[in-house]
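**Student:** Provided below: my_file19.cif, containing mmCIF, C-alpha atoms.
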```cif
data_input
#
loop_
_atom_site.group_PDB
_atom_site.id
_atom_site.type_symbol
_atom_site.label_atom_id
_atom_site.label_comp_id
_atom_site.auth_asym_id
_atom_site.auth_seq_id
_atom_site.Cartn_x
_atom_site.Cartn_y
_atom_site.Cartn_z
ATOM 1 C CA MET A 1 148.564 92.351 164.782
ATOM 2 C CA LYS A 2 147.149 91.856 168.259
ATOM 3 C CA ILE A 3 143.674 90.374 168.570
ATOM 4 C CA GLU A 4 141.817 89.760 171.803
ATOM 5 C CA ILE A 5 139.178 87.054 171.932
ATOM 6 C CA GLU A 6 136.903 86.631 174.933
ATOM 7 C CA ILE A 7 136.296 82.999 175.800
ATOM 8 C CA PRO A 8 133.434 82.470 178.277
ATOM 9 C CA ASP A 9 133.961 79.646 180.771
ATOM 10 C CA TYR A 10 132.299 76.353 179.965
ATOM 11 C CA THR A 11 129.329 75.557 182.186
ATOM 12 C CA ASP A 12 127.471 72.315 182.800
ATOM 13 C CA VAL A 13 124.200 74.028 181.839
ATOM 14 C CA GLN A 14 122.982 72.400 178.636
ATOM 15 C CA VAL A 15 121.427 75.151 176.511
ATOM 16 C CA TRP A 16 121.001 75.080 172.733
ATOM 17 C CA GLY A 17 120.134 77.997 170.445
ATOM 18 C CA TYR A 18 120.877 81.692 170.129
ATOM 19 C CA ARG A 19 120.987 84.396 172.825
ATOM 20 C CA ASN A 20 122.210 87.977 172.346
ATOM 21 C CA GLY A 21 123.965 87.079 169.093
ATOM 22 C CA LEU A 22 125.836 84.134 170.602
ATOM 23 C CA TYR A 23 125.275 80.523 169.664
ATOM 24 C CA LEU A 24 124.836 78.429 172.805
ATOM 25 C CA ALA A 25 125.807 74.803 172.417
ATOM 26 C CA GLY A 26 125.501 72.651 175.486
ATOM 27 C CA GLY A 27 127.301 74.935 177.930
ATOM 28 C CA MET A 28 129.504 76.760 175.409
ATOM 29 C CA GLU A 29 129.049 80.239 173.974
ATOM 30 C CA PHE A 30 130.322 80.511 170.415
ATOM 31 C CA THR A 31 130.739 83.907 168.798
ATOM 32 C CA TRP A 32 130.274 84.340 165.063
ATOM 33 C CA ASP A 33 131.350 87.645 163.563
ATOM 34 C CA ALA A 34 128.533 89.061 161.430
ATOM 35 C CA ASN A 35 130.901 89.272 158.430
ATOM 36 C CA SER A 36 132.115 85.667 158.727
ATOM 37 C CA GLU A 37 132.455 83.677 155.556
ATOM 38 C CA LEU A 38 133.562 80.101 156.075
ATOM 39 C CA GLY A 39 133.477 77.237 153.639
ATOM 40 C CA THR A 40 135.056 73.876 152.943
ATOM 41 C CA LYS A 41 135.819 71.686 149.984
ATOM 42 C CA ILE A 42 137.421 68.360 149.224
ATOM 43 C CA GLU A 43 139.644 68.321 146.172
ATOM 44 C CA ASP A 44 142.365 65.840 145.209
ATOM 45 C CA ASP A 45 141.954 64.022 148.554
ATOM 46 C CA ALA A 46 142.586 67.254 150.496
ATOM 47 C CA PHE A 47 140.086 68.829 152.883
ATOM 48 C CA SER A 48 140.318 72.632 152.752
ATOM 49 C CA ILE A 49 138.813 75.282 154.999
ATOM 50 C CA ILE A 50 138.365 78.559 153.125
ATOM 51 C CA ALA A 51 137.546 81.702 155.089
ATOM 52 C CA ASN A 52 137.836 85.461 155.249
ATOM 53 C CA GLU A 53 139.466 87.154 158.261
ATOM 54 C CA ALA A 54 136.211 87.289 160.238
ATOM 55 C CA GLY A 55 135.561 83.613 159.513
ATOM 56 C CA LEU A 56 139.031 82.605 160.705
ATOM 57 C CA LEU A 57 138.658 84.647 163.897
ATOM 58 C CA SER A 58 135.266 83.044 164.550
ATOM 59 C CA MET A 59 136.752 79.588 164.022
ATOM 60 C CA ALA A 60 139.636 80.491 166.365
ATOM 61 C CA ASN A 61 137.022 81.417 168.982
ATOM 62 C CA HIS A 62 135.444 77.982 168.565
ATOM 63 C CA CYS A 63 138.790 76.187 168.888
ATOM 64 C CA LEU A 64 139.748 78.150 172.011
ATOM 65 C CA ASN A 65 136.318 77.464 173.522
ATOM 66 C CA MET A 66 136.816 73.752 172.977
ATOM 67 C CA ALA A 67 140.380 73.829 174.360
ATOM 68 C CA GLN A 68 139.201 74.692 177.883
ATOM 69 C CA GLU A 69 140.598 72.278 180.483
ATOM 70 C CA SER A 70 137.161 71.804 182.052
ATOM 71 C CA LEU A 71 135.931 70.172 178.851
ATOM 72 C CA ASP A 72 137.139 66.619 178.162
ATOM 73 C CA VAL A 73 135.197 65.647 175.042
ATOM 74 C CA TYR A 74 133.137 67.779 172.698
ATOM 75 C CA ASP A 75 131.786 67.429 169.142
ATOM 76 C CA LEU A 76 130.977 70.609 167.232
ATOM 77 C CA PRO A 77 129.299 70.166 163.840
ATOM 78 C CA PHE A 78 129.695 72.776 161.109
ATOM 79 C CA ASP A 79 126.601 72.702 158.914
ATOM 80 C CA VAL A 80 126.081 73.957 155.379
ATOM 81 C CA GLY A 81 123.772 76.977 155.367
ATOM 82 C CA CYS A 82 124.381 77.643 159.055
ATOM 83 C CA GLU A 83 128.093 78.032 159.855
ATOM 84 C CA LEU A 84 129.266 77.074 156.361
ATOM 85 C CA GLU A 85 128.618 78.686 152.985
ATOM 86 C CA GLU A 86 126.432 76.817 150.482
ATOM 87 C CA GLY A 87 128.346 74.212 148.476
ATOM 88 C CA SER A 88 130.625 73.393 151.415
ATOM 89 C CA GLU A 89 131.332 69.963 152.877
ATOM 90 C CA TYR A 90 129.859 69.282 156.328
ATOM 91 C CA PHE A 91 132.446 68.559 159.024
ATOM 92 C CA VAL A 92 132.734 68.032 162.771
ATOM 93 C CA LEU A 93 135.411 69.503 165.038
ATOM 94 C CA VAL A 94 136.149 67.018 167.832
ATOM 95 C CA LYS A 95 137.989 67.490 171.130
ATOM 96 C CA THR A 96 139.068 64.283 172.834
ATOM 97 C CA PRO A 97 141.927 63.178 175.074
ATOM 98 C CA THR A 98 142.376 60.157 172.764
ATOM 99 C CA PRO A 99 142.470 61.384 169.131
ATOM 100 C CA GLU A 100 143.902 58.070 167.940
ATOM 101 C CA LYS A 101 140.550 56.376 168.701
ATOM 102 C CA TYR A 102 138.785 58.737 166.286
ATOM 103 C CA LEU A 103 141.407 58.145 163.599
ATOM 104 C CA GLU A 104 141.099 54.350 163.514
#
```
Show me this structure written as structure tokens.
**Tutor:**
Amino acid sequence: MKIEIEIPDYTDVQVWGYRNGLYLAGGMEFTWDANSELGTKIEDDAFSIIANEAGLLSMANHCLNMAQESLDVYDLPFDVGCELEEGSEYFVLVKTPTPEKYLE
């Protein structure tokens, strides 16, 4: 399977909210597929992300957005009732050049 994902360049313009179906988060444009279903749970000390194909592709878009070289540090929260299905566990995706500091 070949999938193409468009990743808009990060800008220093700090905009928050929705525009033309894209979620704008502080200079990033995140695309959510309309059919996305994404959820999380913690069971037996394991954190699981559960998603359909559209949800996984949307999450891949988010990860690729955050991987841009022009972005050093970024925190992206995933909220229940917004990005995540009801009953999910809230989590934050973090990009940092020093992951060990977050894991202390």
**Student:** Would you list the contacts of A:Val92 as a ChimeraX atom specification, taking every protein, DNA or RNA residue within 9 Å and counting all atoms listed in the file, but skipping same-chain residues closer than 2 positions in sequence?
**Tutor:** /A:75-79,90,94
**Student:** Choose the residue, out of A:Thr96, A:Glu104, A:Glu89, A:Glu6, that has the smallest atom-to-atom separation from A:Ser48; count all atoms listed in the file.
**Tutor:**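 Selected residue with least distance to A:Ser48: A:Glu89.
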**Student:** Rounded to one decimal, what separation in Å do you get between atom CA of A:Ile7 and atom CA of A:Asn61?
**Tutor:**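 Rounded to one decimal, the two atoms are 7.0 Å apart.
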**Student:** Using only C-alpha atoms, which protein or nucleic acid residues come within 9 Å of A:Met59? Drop anything in the same chain fewer than 5 positions from it, and give the result as a compact mmCIF listing (two decimals) with C-alpha atoms, in the coordinates of the input.
**Tutor:**
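Final output, selection_18.txt:
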```txt
# COMPACT_ATOMS: atom_id res chain seq x y z
CA THR A 31 130.74 83.91 168.80
CA TRP A 32 130.27 84.34 165.06
CA LEU A 38 133.56 80.10 156.07
CA ALA A 54 136.21 87.29 160.24
CA LEU A 64 139.75 78.15 172.01
```
**Student:** Record the distance separating atom CA of A:Asp33 and atom CA of A:Ala67, expressed in Å with one decimal.
**Tutor:** 19.7 Å
**Student:** Taking the file above as input, evaluate the PyMOL selection byres ((chain A and resi 68) around 10) and report the hits as a ChimeraX atom specification.
**Tutor:** /A:7-10,63-67,69-72,95
**Student:** Using all atoms listed in the file - which residues lie no farther than 6 Å from the point (134.4, 81.5, 162.2) in the file's frame? Write them as a list in words.
**Tutor:** Trp32, Ser36, Gly55, Leu56, Leu57, Ser58 and Met59 of chain A
**Student:** Any idea what the distance is between atom CA of A:Gly81 and atom CA of A:Ile49?
**Tutor:**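 So the answer is 15.1 Å.
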**Student:** Pick from A:Ala51, A:Ala60, A:Leu103, A:Ala34: nearest to A:Ser88, with only C-alpha atoms counted?
**Tutor:**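 Selected residue with least distance to A:Ser88: A:Ala51.
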**Student:** Find the residue from A:Met1, A:Leu84, A:Leu93, A:Val73 that sits nearest to A:Gly39; use only C-alpha atoms when measuring.
**Tutor:**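 The closest residue to A:Gly39 is A:Leu84.
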